[in-house]
$ cat coords01.tsv   # TSV, N, CA and C atoms
chain	number	residue	atom	x	y	z
A	8	MET	N	-8.97	-14.94	52.95
A	8	MET	CA	-9.81	-14.87	51.78
A	8	MET	C	-8.97	-14.58	50.53
A	9	SER	N	-7.96	-13.74	50.64
A	9	SER	CA	-7.15	-13.42	49.47
A	9	SER	C	-6.32	-14.62	49.03
A	10	ASP	N	-5.94	-15.51	49.96
A	10	ASP	CA	-5.22	-16.72	49.58
A	10	ASP	C	-6.09	-17.61	48.71
A	11	PHE	N	-7.36	-17.74	49.08
A	11	PHE	CA	-8.28	-18.54	48.28
A	11	PHE	C	-8.48	-17.92	46.91
A	12	ARG	N	-8.62	-16.60	46.85
A	12	ARG	CA	-8.81	-15.93	45.55
A	12	ARG	C	-7.59	-16.13	44.67
A	13	GLU	N	-6.41	-16.06	45.25
A	13	GLU	CA	-5.19	-16.27	44.47
A	13	GLU	C	-5.10	-17.72	43.97
A	14	TRP	N	-5.41	-18.67	44.86
A	14	TRP	CA	-5.40	-20.09	44.49
A	14	TRP	C	-6.41	-20.35	43.38
A	15	ARG	N	-7.60	-19.79	43.51
A	15	ARG	CA	-8.67	-19.96	42.53
A	15	ARG	C	-8.31	-19.33	41.19
A	16	GLY	N	-7.55	-18.26	41.22
A	16	GLY	CA	-7.17	-17.57	39.99
A	16	GLY	C	-6.17	-18.33	39.15
A	17	HIS	N	-5.51	-19.32	39.72
A	17	HIS	CA	-4.50	-20.08	38.99
A	17	HIS	C	-5.04	-21.39	38.44
A	18	ARG	N	-6.33	-21.52	38.36
A	18	ARG	CA	-6.95	-22.76	37.84
A	18	ARG	C	-8.32	-22.45	37.28
A	19	PRO	N	-8.86	-23.33	36.43
A	19	PRO	CA	-10.19	-23.11	35.86
A	19	PRO	C	-11.28	-23.48	36.86
A	20	PHE	N	-11.38	-22.69	37.91
A	20	PHE	CA	-12.24	-23.02	39.04
A	20	PHE	C	-13.72	-23.05	38.66
A	21	ALA	N	-14.19	-22.03	37.95
A	21	ALA	CA	-15.61	-21.95	37.60
A	21	ALA	C	-16.03	-23.12	36.71
A	22	GLY	N	-15.18	-23.48	35.75
A	22	GLY	CA	-15.50	-24.59	34.87
A	22	GLY	C	-15.58	-25.92	35.61
A	23	GLY	N	-14.60	-26.18	36.46
A	23	GLY	CA	-14.61	-27.42	37.23
A	23	GLY	C	-15.77	-27.49	38.19
A	24	LEU	N	-16.09	-26.36	38.80
A	24	LEU	CA	-17.21	-26.32	39.74
A	24	LEU	C	-18.53	-26.56	39.02
A	25	LEU	N	-18.73	-25.93	37.87
A	25	LEU	CA	-19.97	-26.14	37.12
A	25	LEU	C	-20.10	-27.60	36.65
A	26	LEU	N	-19.00	-28.19	36.22
A	26	LEU	CA	-19.04	-29.58	35.78
A	26	LEU	C	-19.39	-30.51	36.93
A	27	ALA	N	-18.79	-30.28	38.09
A	27	ALA	CA	-19.09	-31.11	39.26
A	27	ALA	C	-20.52	-30.91	39.75
A	28	LEU	N	-20.99	-29.66	39.76
A	28	LEU	CA	-22.36	-29.39	40.18
A	28	LEU	C	-23.38	-29.97	39.20
A	29	GLY	N	-23.04	-29.95	37.90
A	29	GLY	CA	-23.91	-30.56	36.91
A	29	GLY	C	-24.04	-32.06	37.13
A	30	GLY	N	-22.93	-32.72	37.44
A	30	GLY	CA	-22.96	-34.15	37.74
A	30	GLY	C	-23.76	-34.44	39.00
A	31	ALA	N	-23.61	-33.60	40.02
A	31	ALA	CA	-24.37	-33.79	41.26
A	31	ALA	C	-25.86	-33.60	41.02
A	32	GLU	N	-26.22	-32.62	40.19
A	32	GLU	CA	-27.64	-32.39	39.90
A	32	GLU	C	-28.23	-33.58	39.15
A	33	ILE	N	-27.48	-34.15	38.24
A	33	ILE	CA	-27.97	-35.31	37.49
A	33	ILE	C	-28.13	-36.50	38.42
A	34	LEU	N	-27.20	-36.68	39.35
A	34	LEU	CA	-27.33	-37.78	40.31
A	34	LEU	C	-28.58	-37.61	41.17
A	35	LEU	N	-28.87	-36.37	41.55
A	35	LEU	CA	-30.06	-36.13	42.37
A	35	LEU	C	-31.35	-36.39	41.58
A	36	THR	N	-31.35	-36.07	40.30
A	36	THR	CA	-32.56	-36.31	39.52
A	36	THR	C	-32.75	-37.77	39.16
A	37	MET	N	-31.73	-38.57	39.38
A	37	MET	CA	-31.88	-40.02	39.15
A	37	MET	C	-32.92	-40.59	40.11
A	38	LYS	N	-33.09	-39.97	41.23
A	38	LYS	CA	-34.06	-40.43	42.23
A	38	LYS	C	-35.45	-39.82	42.01
A	39	ALA	N	-35.61	-39.05	40.94
A	39	ALA	CA	-36.90	-38.43	40.64
A	39	ALA	C	-37.93	-39.53	40.33
A	40	PRO	N	-39.19	-39.30	40.68
A	40	PRO	CA	-40.20	-40.33	40.50
A	40	PRO	C	-40.68	-40.50	39.05
A	41	LEU	N	-40.13	-39.72	38.12
A	41	LEU	CA	-40.57	-39.81	36.74
A	41	LEU	C	-39.79	-40.91	36.01
A	42	PRO	N	-40.49	-41.81	35.33
A	42	PRO	CA	-39.79	-42.91	34.64
A	42	PRO	C	-39.33	-42.51	33.23
A	43	VAL	N	-38.52	-41.50	33.12
A	43	VAL	CA	-38.03	-41.04	31.84
A	43	VAL	C	-36.73	-41.73	31.48
A	44	ILE	N	-36.07	-42.30	32.46
A	44	ILE	CA	-34.72	-42.82	32.29
A	44	ILE	C	-34.70	-44.04	31.39
A	45	LEU	N	-33.66	-44.15	30.61
A	45	LEU	CA	-33.41	-45.29	29.74
A	45	LEU	C	-32.51	-46.23	30.52
A	46	LYS	N	-32.93	-47.43	30.79
A	46	LYS	CA	-32.13	-48.38	31.57
A	46	LYS	C	-31.14	-49.08	30.66
A	47	ILE	N	-29.87	-48.89	30.90
A	47	ILE	CA	-28.83	-49.53	30.11
A	47	ILE	C	-27.93	-50.30	31.07
A	48	GLY	N	-27.65	-51.53	30.76
A	48	GLY	CA	-26.73	-52.31	31.58
A	48	GLY	C	-27.40	-52.84	32.83
A	49	MET	N	-26.63	-53.03	33.85
A	49	MET	CA	-27.10	-53.61	35.10
A	49	MET	C	-27.92	-52.58	35.87
A	50	GLN	N	-29.23	-52.61	35.71
A	50	GLN	CA	-30.17	-51.69	36.36
A	50	GLN	C	-29.76	-50.23	36.19
A	51	GLY	N	-29.40	-49.88	34.98
A	51	GLY	CA	-29.08	-48.48	34.70
A	51	GLY	C	-27.78	-48.02	35.31
A	52	LEU	N	-26.77	-48.88	35.32
A	52	LEU	CA	-25.48	-48.52	35.90
A	52	LEU	C	-24.89	-47.28	35.22
A	53	ALA	N	-25.09	-47.16	33.91
A	53	ALA	CA	-24.56	-46.00	33.19
A	53	ALA	C	-25.20	-44.71	33.69
A	54	GLY	N	-26.45	-44.78	34.14
A	54	GLY	CA	-27.13	-43.61	34.66
A	54	GLY	C	-26.48	-43.06	35.91
A	55	TYR	N	-25.83	-43.90	36.67
A	55	TYR	CA	-25.11	-43.45	37.87
A	55	TYR	C	-23.63	-43.23	37.59
A	56	LEU	N	-23.09	-43.98	36.64
A	56	LEU	CA	-21.66	-43.90	36.34
A	56	LEU	C	-21.28	-42.59	35.65
A	57	LEU	N	-22.06	-42.17	34.65
A	57	LEU	CA	-21.71	-40.96	33.92
A	57	LEU	C	-21.71	-39.70	34.79
A	58	PRO	N	-22.76	-39.45	35.58
A	58	PRO	CA	-22.69	-38.25	36.43
A	58	PRO	C	-21.62	-38.34	37.51
A	59	SER	N	-21.35	-39.55	37.99
A	59	SER	CA	-20.27	-39.69	38.98
A	59	SER	C	-18.93	-39.34	38.36
A	60	LEU	N	-18.72	-39.77	37.12
A	60	LEU	CA	-17.48	-39.41	36.44
A	60	LEU	C	-17.42	-37.92	36.11
A	61	MET	N	-18.59	-37.31	35.89
A	61	MET	CA	-18.61	-35.85	35.70
A	61	MET	C	-18.12	-35.13	36.95
A	62	ILE	N	-18.55	-35.60	38.11
A	62	ILE	CA	-18.10	-34.99	39.37
A	62	ILE	C	-16.60	-35.16	39.52
A	63	VAL	N	-16.10	-36.37	39.22
A	63	VAL	CA	-14.67	-36.63	39.33
A	63	VAL	C	-13.88	-35.74	38.37
A	64	CYS	N	-14.35	-35.62	37.13
A	64	CYS	CA	-13.66	-34.75	36.16
A	64	CYS	C	-13.67	-33.29	36.61
A	65	GLY	N	-14.79	-32.83	37.17
A	65	GLY	CA	-14.85	-31.47	37.67
A	65	GLY	C	-13.85	-31.22	38.79
A	66	LEU	N	-13.73	-32.16	39.70
A	66	LEU	CA	-12.77	-32.02	40.79
A	66	LEU	C	-11.33	-32.10	40.28
A	67	LEU	N	-11.10	-32.98	39.31
A	67	LEU	CA	-9.74	-33.07	38.74
A	67	LEU	C	-9.36	-31.81	37.98
A	68	ILE	N	-10.32	-31.18	37.34
A	68	ILE	CA	-10.04	-29.91	36.66
A	68	ILE	C	-9.62	-28.86	37.68
A	69	ILE	N	-10.28	-28.86	38.83
A	69	ILE	CA	-9.95	-27.86	39.86
A	69	ILE	C	-8.60	-28.15	40.49
A	70	PHE	N	-8.34	-29.41	40.83
A	70	PHE	CA	-7.13	-29.73	41.60
A	70	PHE	C	-5.94	-30.14	40.74
A	71	ASN	N	-6.14	-30.40	39.44
A	71	ASN	CA	-5.04	-30.73	38.55
A	71	ASN	C	-5.23	-29.98	37.23
A	72	PRO	N	-5.05	-28.66	37.25
A	72	PRO	CA	-5.35	-27.86	36.05
A	72	PRO	C	-4.42	-28.12	34.88
A	73	ALA	N	-3.30	-28.77	35.09
A	73	ALA	CA	-2.38	-29.04	33.99
A	73	ALA	C	-3.01	-29.99	32.97
A	74	GLN	N	-3.92	-30.86	33.40
A	74	GLN	CA	-4.57	-31.82	32.51
A	74	GLN	C	-5.99	-31.41	32.16
A	75	ARG	N	-6.29	-30.12	32.23
A	75	ARG	CA	-7.66	-29.65	32.06
A	75	ARG	C	-8.23	-29.95	30.68
A	76	LEU	N	-7.40	-29.99	29.64
A	76	LEU	CA	-7.92	-30.25	28.29
A	76	LEU	C	-8.52	-31.64	28.19
A	77	PHE	N	-7.82	-32.64	28.70
A	77	PHE	CA	-8.33	-34.00	28.66
A	77	PHE	C	-9.59	-34.13	29.49
A	78	TYR	N	-9.56	-33.59	30.70
A	78	TYR	CA	-10.73	-33.71	31.58
A	78	TYR	C	-11.93	-32.94	31.04
A	79	SER	N	-11.69	-31.82	30.39
A	79	SER	CA	-12.83	-31.06	29.87
A	79	SER	C	-13.44	-31.76	28.65
A	80	ILE	N	-12.63	-32.36	27.80
A	80	ILE	CA	-13.16	-33.12	26.67
A	80	ILE	C	-13.95	-34.32	27.17
A	81	LEU	N	-13.39	-35.02	28.15
A	81	LEU	CA	-14.10	-36.15	28.75
A	81	LEU	C	-15.39	-35.68	29.43
A	82	GLY	N	-15.33	-34.52	30.08
A	82	GLY	CA	-16.51	-33.98	30.76
A	82	GLY	C	-17.63	-33.63	29.80
A	83	ILE	N	-17.30	-33.06	28.64
A	83	ILE	CA	-18.36	-32.71	27.69
A	83	ILE	C	-18.97	-33.97	27.09
A	84	MET	N	-18.15	-34.99	26.85
A	84	MET	CA	-18.70	-36.25	26.32
A	84	MET	C	-19.58	-36.93	27.35
A	85	LEU	N	-19.18	-36.90	28.61
A	85	LEU	CA	-20.00	-37.48	29.67
A	85	LEU	C	-21.31	-36.71	29.82
A	86	SER	N	-21.22	-35.39	29.75
A	86	SER	CA	-22.42	-34.56	29.87
A	86	SER	C	-23.42	-34.88	28.76
A	87	LEU	N	-22.92	-34.97	27.55
A	87	LEU	CA	-23.81	-35.29	26.43
A	87	LEU	C	-24.35	-36.71	26.52
A	88	GLY	N	-23.58	-37.61	27.09
A	88	GLY	CA	-24.04	-38.99	27.26
A	88	GLY	C	-25.16	-39.12	28.27
A	89	THR	N	-25.26	-38.20	29.19
A	89	THR	CA	-26.33	-38.28	30.18
A	89	THR	C	-27.69	-37.97	29.58
A	90	TRP	N	-27.73	-37.44	28.37
A	90	TRP	CA	-29.01	-37.19	27.70
A	90	TRP	C	-29.79	-38.49	27.59
A	91	LEU	N	-29.10	-39.58	27.29
A	91	LEU	CA	-29.76	-40.88	27.12
A	91	LEU	C	-29.88	-41.67	28.42
A	92	THR	N	-28.95	-41.52	29.30
A	92	THR	CA	-28.88	-42.43	30.45
A	92	THR	C	-29.46	-41.87	31.74
A	93	SER	N	-29.64	-40.58	31.86
A	93	SER	CA	-29.97	-40.00	33.17
A	93	SER	C	-31.06	-38.96	33.09
A	94	ASN	N	-32.30	-39.37	32.89
A	94	ASN	CA	-33.43	-38.44	32.88
A	94	ASN	C	-33.19	-37.21	32.01
A	95	ILE	N	-32.85	-37.46	30.77
A	95	ILE	CA	-32.59	-36.39	29.80
A	95	ILE	C	-31.56	-35.40	30.35
A	96	GLY	N	-30.49	-35.94	30.87
A	96	GLY	CA	-29.41	-35.09	31.37
A	96	GLY	C	-29.80	-34.29	32.59
A	97	GLY	N	-30.53	-34.91	33.51
A	97	GLY	CA	-30.97	-34.17	34.70
A	97	GLY	C	-31.97	-33.11	34.33
A	98	PHE	N	-32.90	-33.48	33.43
A	98	PHE	CA	-33.90	-32.54	32.91
A	98	PHE	C	-33.24	-31.33	32.29
A	99	VAL	N	-32.19	-31.56	31.54
A	99	VAL	CA	-31.42	-30.61	30.74
A	99	VAL	C	-30.57	-29.67	31.60
A	100	VAL	N	-30.92	-29.45	32.84
A	100	VAL	CA	-30.17	-28.50	33.69
A	100	VAL	C	-28.76	-29.01	33.95
A	101	GLY	N	-28.63	-30.24	34.38
A	101	GLY	CA	-27.30	-30.80	34.66
A	101	GLY	C	-26.46	-30.93	33.41
A	102	LEU	N	-27.10	-31.29	32.31
A	102	LEU	CA	-26.40	-31.40	31.04
A	102	LEU	C	-25.82	-30.05	30.63
A	103	LEU	N	-26.61	-28.98	30.74
A	103	LEU	CA	-26.13	-27.65	30.37
A	103	LEU	C	-25.03	-27.17	31.32
A	104	MET	N	-25.19	-27.43	32.60
A	104	MET	CA	-24.14	-27.03	33.55
A	104	MET	C	-22.84	-27.75	33.24
A	105	GLY	N	-22.92	-29.05	32.95
A	105	GLY	CA	-21.72	-29.80	32.62
A	105	GLY	C	-21.09	-29.34	31.31
A	106	ALA	N	-21.91	-29.06	30.31
A	106	ALA	CA	-21.38	-28.61	29.02
A	106	ALA	C	-20.73	-27.23	29.14
A	107	VAL	N	-21.37	-26.32	29.83
A	107	VAL	CA	-20.80	-24.97	30.00
A	107	VAL	C	-19.53	-25.03	30.85
A	108	GLY	N	-19.55	-25.84	31.91
A	108	GLY	CA	-18.35	-25.98	32.74
A	108	GLY	C	-17.18	-26.57	31.98
A	109	SER	N	-17.45	-27.59	31.17
A	109	SER	CA	-16.38	-28.18	30.36
A	109	SER	C	-15.82	-27.19	29.36
A	110	THR	N	-16.70	-26.40	28.77
A	110	THR	CA	-16.27	-25.41	27.80
A	110	THR	C	-15.42	-24.32	28.46
A	111	LEU	N	-15.83	-23.89	29.64
A	111	LEU	CA	-15.04	-22.89	30.37
A	111	LEU	C	-13.66	-23.43	30.73
A	112	ALA	N	-13.61	-24.67	31.16
A	112	ALA	CA	-12.32	-25.27	31.52
A	112	ALA	C	-11.44	-25.44	30.29
A	113	PHE	N	-12.04	-25.81	29.17
A	113	PHE	CA	-11.26	-25.99	27.94
A	113	PHE	C	-10.68	-24.66	27.47
A	114	GLY	N	-11.42	-23.60	27.59
A	114	GLY	CA	-10.99	-22.30	27.09
A	114	GLY	C	-10.11	-21.52	28.04
A	115	TRP	N	-9.90	-22.01	29.26
A	115	TRP	CA	-9.10	-21.29	30.25
A	115	TRP	C	-7.63	-21.30	29.86
A	116	LEU	N	-6.96	-20.16	29.96
A	116	LEU	CA	-5.54	-20.07	29.65
A	116	LEU	C	-4.76	-19.77	30.92
A	117	PRO	N	-3.79	-20.60	31.27
A	117	PRO	CA	-3.10	-20.44	32.54
A	117	PRO	C	-2.10	-19.29	32.58
A	118	ASP	N	-1.57	-18.85	31.45
A	118	ASP	CA	-0.49	-17.88	31.49
A	118	ASP	C	-0.95	-16.46	31.18
A	119	GLN	N	-2.21	-16.18	31.33
A	119	GLN	CA	-2.70	-14.82	31.14
A	119	GLN	C	-2.41	-14.00	32.40
A	120	GLU	N	-2.15	-12.74	32.18
A	120	GLU	CA	-2.00	-11.86	33.33
A	120	GLU	C	-3.38	-11.59	33.91
A	121	PRO	N	-3.46	-11.39	35.22
A	121	PRO	CA	-4.76	-11.11	35.83
A	121	PRO	C	-5.38	-9.84	35.26
A	122	ARG	N	-6.68	-9.86	35.14
A	122	ARG	CA	-7.38	-8.69	34.63
A	122	ARG	C	-7.30	-7.54	35.62
A	123	GLN	N	-7.22	-6.35	35.08
A	123	GLN	CA	-7.24	-5.18	35.93
A	123	GLN	C	-8.65	-4.63	35.97
A	124	LYS	N	-9.00	-4.09	37.10
A	124	LYS	CA	-10.32	-3.48	37.22
A	124	LYS	C	-10.36	-2.21	36.38
A	125	ARG	N	-11.55	-1.87	35.93
A	125	ARG	CA	-11.70	-0.68	35.09
A	125	ARG	C	-11.24	0.59	35.80
A	126	ALA	N	-11.48	0.65	37.10
A	126	ALA	CA	-11.07	1.85	37.85
A	126	ALA	C	-9.55	1.98	37.85
A	127	GLU	N	-8.83	0.84	37.96
A	127	GLU	CA	-7.37	0.90	37.93
A	127	GLU	C	-6.87	1.33	36.56
A	128	LYS	N	-7.50	0.82	35.49
A	128	LYS	CA	-7.10	1.23	34.14
A	128	LYS	C	-7.33	2.72	33.93
A	129	ALA	N	-8.48	3.21	34.38
A	129	ALA	CA	-8.81	4.62	34.20
A	129	ALA	C	-7.85	5.50	35.00
A	130	ALA	N	-7.52	5.09	36.21
A	130	ALA	CA	-6.60	5.87	37.04
A	130	ALA	C	-5.21	5.91	36.41
A	131	ARG	N	-4.78	4.80	35.84
A	131	ARG	CA	-3.47	4.76	35.21
A	131	ARG	C	-3.46	5.61	33.93
A	132	ALA	N	-4.57	5.63	33.22
A	132	ALA	CA	-4.64	6.42	31.99
A	132	ALA	C	-4.66	7.91	32.28
A	133	ARG	N	-5.11	8.32	33.48
A	133	ARG	CA	-5.20	9.73	33.82
A	133	ARG	C	-3.89	10.31	34.35
A	134	THR	N	-2.90	9.49	34.61
A	134	THR	CA	-1.64	10.02	35.13
A	134	THR	C	-0.94	10.84	34.05
A	135	PRO	N	-0.24	11.92	34.42
A	135	PRO	CA	0.38	12.81	33.42
A	135	PRO	C	1.42	12.13	32.55
A	136	GLU	N	2.25	11.26	33.14
A	136	GLU	CA	3.31	10.64	32.34
A	136	GLU	C	2.73	9.68	31.30
A	137	THR	N	1.63	9.05	31.63
A	137	THR	CA	1.00	8.15	30.66
A	137	THR	C	0.42	8.93	29.49
A	138	SER	N	-0.24	10.06	29.78
A	138	SER	CA	-0.81	10.83	28.69
A	138	SER	C	0.28	11.46	27.82
A	139	GLU	N	1.42	11.86	28.41
A	139	GLU	CA	2.52	12.39	27.62
A	139	GLU	C	3.11	11.32	26.71
A	140	LYS	N	3.24	10.09	27.26
A	140	LYS	CA	3.78	8.98	26.48
A	140	LYS	C	2.82	8.64	25.34
A	141	HIS	N	1.53	8.65	25.62
A	141	HIS	CA	0.53	8.35	24.61
A	141	HIS	C	0.52	9.41	23.52
A	142	ALA	N	0.68	10.68	23.90
A	142	ALA	CA	0.73	11.76	22.92
A	142	ALA	C	1.97	11.65	22.05
A	143	ALA	N	3.10	11.23	22.64
A	143	ALA	CA	4.34	11.06	21.87
A	143	ALA	C	4.20	9.90	20.89
A	144	GLU	N	3.48	8.85	21.27
A	144	GLU	CA	3.31	7.71	20.38
A	144	GLU	C	2.42	8.09	19.20
A	145	LEU	N	1.44	8.95	19.45
A	145	LEU	CA	0.51	9.31	18.37
A	145	LEU	C	1.14	10.27	17.35
A	146	GLY	N	1.99	11.09	17.80
A	146	GLY	CA	2.41	12.05	16.80
A	146	GLY	C	3.72	12.64	17.00
$ encode --input "coords01.tsv" --output "structure tokens"
Amino acid sequence: MSDFREWRGHRPFAGGLLLALGGAEILLTMKAPLPVILKIGMQGLAGYLLPSLMIVCGLLIIFNPAQRLFYSILGIMLSLGTWLTSNIGGFVVGLLMGAVGSTLAFGWLPDQEPRQKRAEKAARARTPETSEKHAAELG
């Protein structure tokens, strides 16, 4: 389990997962019995193409984080494009998942140090040498 957590920590996992899940949700709503969809091209090919590309972009963000900026920009444009082509973006749910996932992936920074838990910060602040160093810095 710790290997997976470490692997996940080195990539924009949440953003890619949300983008892929948003695309999957939109694909599922394409089969909804409501005729809200706008048919464009060969029997609404764009309605299936855009969410499929959202899934691909989400997976590429997870497995190729070096190119996350390009994939996240493409993902947000695809997500917004599904408003017209795919039942109002999967009844807005898939569109929002894709937009939030793309935004998370775009904002992810690879060279940040891992966050420390609050308990670890508090324990480190309570050590005597840290408080002496802090007192020396203040005055």
$ residues_around --input "coords01.tsv" --residues "stretch 73-87 of chain A" --least-positions-apart "3" --cutoff "6 Å" --atoms "all atoms listed in the file" --output "PDB file with N, CA and C atoms, in the frame of the given file"
ATOM      1  N   LEU A  57     -22.060 -42.170  34.650  1.00  0.00           N
ATOM      2  CA  LEU A  57     -21.710 -40.960  33.920  1.00  0.00           C
ATOM      3  C   LEU A  57     -21.710 -39.700  34.790  1.00  0.00           C
ATOM      4  N   MET A  61     -18.590 -37.310  35.890  1.00  0.00           N
ATOM      5  CA  MET A  61     -18.610 -35.850  35.700  1.00  0.00           C
ATOM      6  C   MET A  61     -18.120 -35.130  36.950  1.00  0.00           C
ATOM      7  N   CYS A  64     -14.350 -35.620  37.130  1.00  0.00           N
ATOM      8  CA  CYS A  64     -13.660 -34.750  36.160  1.00  0.00           C
ATOM      9  C   CYS A  64     -13.670 -33.290  36.610  1.00  0.00           C
ATOM     10  N   ILE A  68     -10.320 -31.180  37.340  1.00  0.00           N
ATOM     11  CA  ILE A  68     -10.040 -29.910  36.660  1.00  0.00           C
ATOM     12  C   ILE A  68      -9.620 -28.860  37.680  1.00  0.00           C
ATOM     13  N   TRP A  90     -27.730 -37.440  28.370  1.00  0.00           N
ATOM     14  CA  TRP A  90     -29.010 -37.190  27.700  1.00  0.00           C
ATOM     15  C   TRP A  90     -29.790 -38.490  27.590  1.00  0.00           C
ATOM     16  N   LEU A  91     -29.100 -39.580  27.290  1.00  0.00           N
ATOM     17  CA  LEU A  91     -29.760 -40.880  27.120  1.00  0.00           C
ATOM     18  C   LEU A  91     -29.880 -41.670  28.420  1.00  0.00           C
ATOM     19  N   LEU A 102     -27.100 -31.290  32.310  1.00  0.00           N
ATOM     20  CA  LEU A 102     -26.400 -31.400  31.040  1.00  0.00           C
ATOM     21  C   LEU A 102     -25.820 -30.050  30.630  1.00  0.00           C
ATOM     22  N   GLY A 105     -22.920 -29.050  32.950  1.00  0.00           N
ATOM     23  CA  GLY A 105     -21.720 -29.800  32.620  1.00  0.00           C
ATOM     24  C   GLY A 105     -21.090 -29.340  31.310  1.00  0.00           C
ATOM     25  N   ALA A 106     -21.910 -29.060  30.310  1.00  0.00           N
ATOM     26  CA  ALA A 106     -21.380 -28.610  29.020  1.00  0.00           C
ATOM     27  C   ALA A 106     -20.730 -27.230  29.140  1.00  0.00           C
ATOM     28  N   SER A 109     -17.450 -27.590  31.170  1.00  0.00           N
ATOM     29  CA  SER A 109     -16.380 -28.180  30.360  1.00  0.00           C
ATOM     30  C   SER A 109     -15.820 -27.190  29.360  1.00  0.00           C
ATOM     31  N   ALA A 112     -13.610 -24.670  31.160  1.00  0.00           N
ATOM     32  CA  ALA A 112     -12.320 -25.270  31.520  1.00  0.00           C
ATOM     33  C   ALA A 112     -11.440 -25.440  30.290  1.00  0.00           C
ATOM     34  N   PHE A 113     -12.040 -25.810  29.170  1.00  0.00           N
ATOM     35  CA  PHE A 113     -11.260 -25.990  27.940  1.00  0.00           C
ATOM     36  C   PHE A 113     -10.680 -24.660  27.470  1.00  0.00           C
TER      37      PHE A 113
END
$ atom_distance --input "coords01.tsv" --atom1 "atom CA of A:Leu67" --atom2 "atom C of A:Thr89"
20.7 Å
$ atom_distance --input "coords01.tsv" --atom1 "atom C of A:Pro58" --atom2 "atom CA of A:Ala31"
6.5 Å
$ atom_distance --input "coords01.tsv" --atom1 "atom C of A:Asn71" --atom2 "atom CA of A:Tyr55"
24.0 Å
$ select_by_dssp --input "coords01.tsv" --residues "chain A" --states "alpha helix (DSSP H)" --output "VMD selection string"
chain A and resid 9 to 16 20 to 36 52 to 70 75 to 92 94 to 98 100 to 114 125 to 132 135 to 145
$ residues_around --input "coords01.tsv" --residues "A:Phe98" --least-positions-apart "3" --cutoff "8 Å" --atoms "only N, CA and C atoms" --output "list in words"
Glu32, Ile33, Thr36, Met37, Thr89, Trp90, Ser93, Asn94, Ile95, Gly101, Leu102 and Leu103 of chain A
$ closest_residue --input "coords01.tsv" --among "A:Met104, A:Phe70, A:Gly16, A:Phe11" --to "A:Gly29" --atoms "all atoms listed in the file"
A:Met104
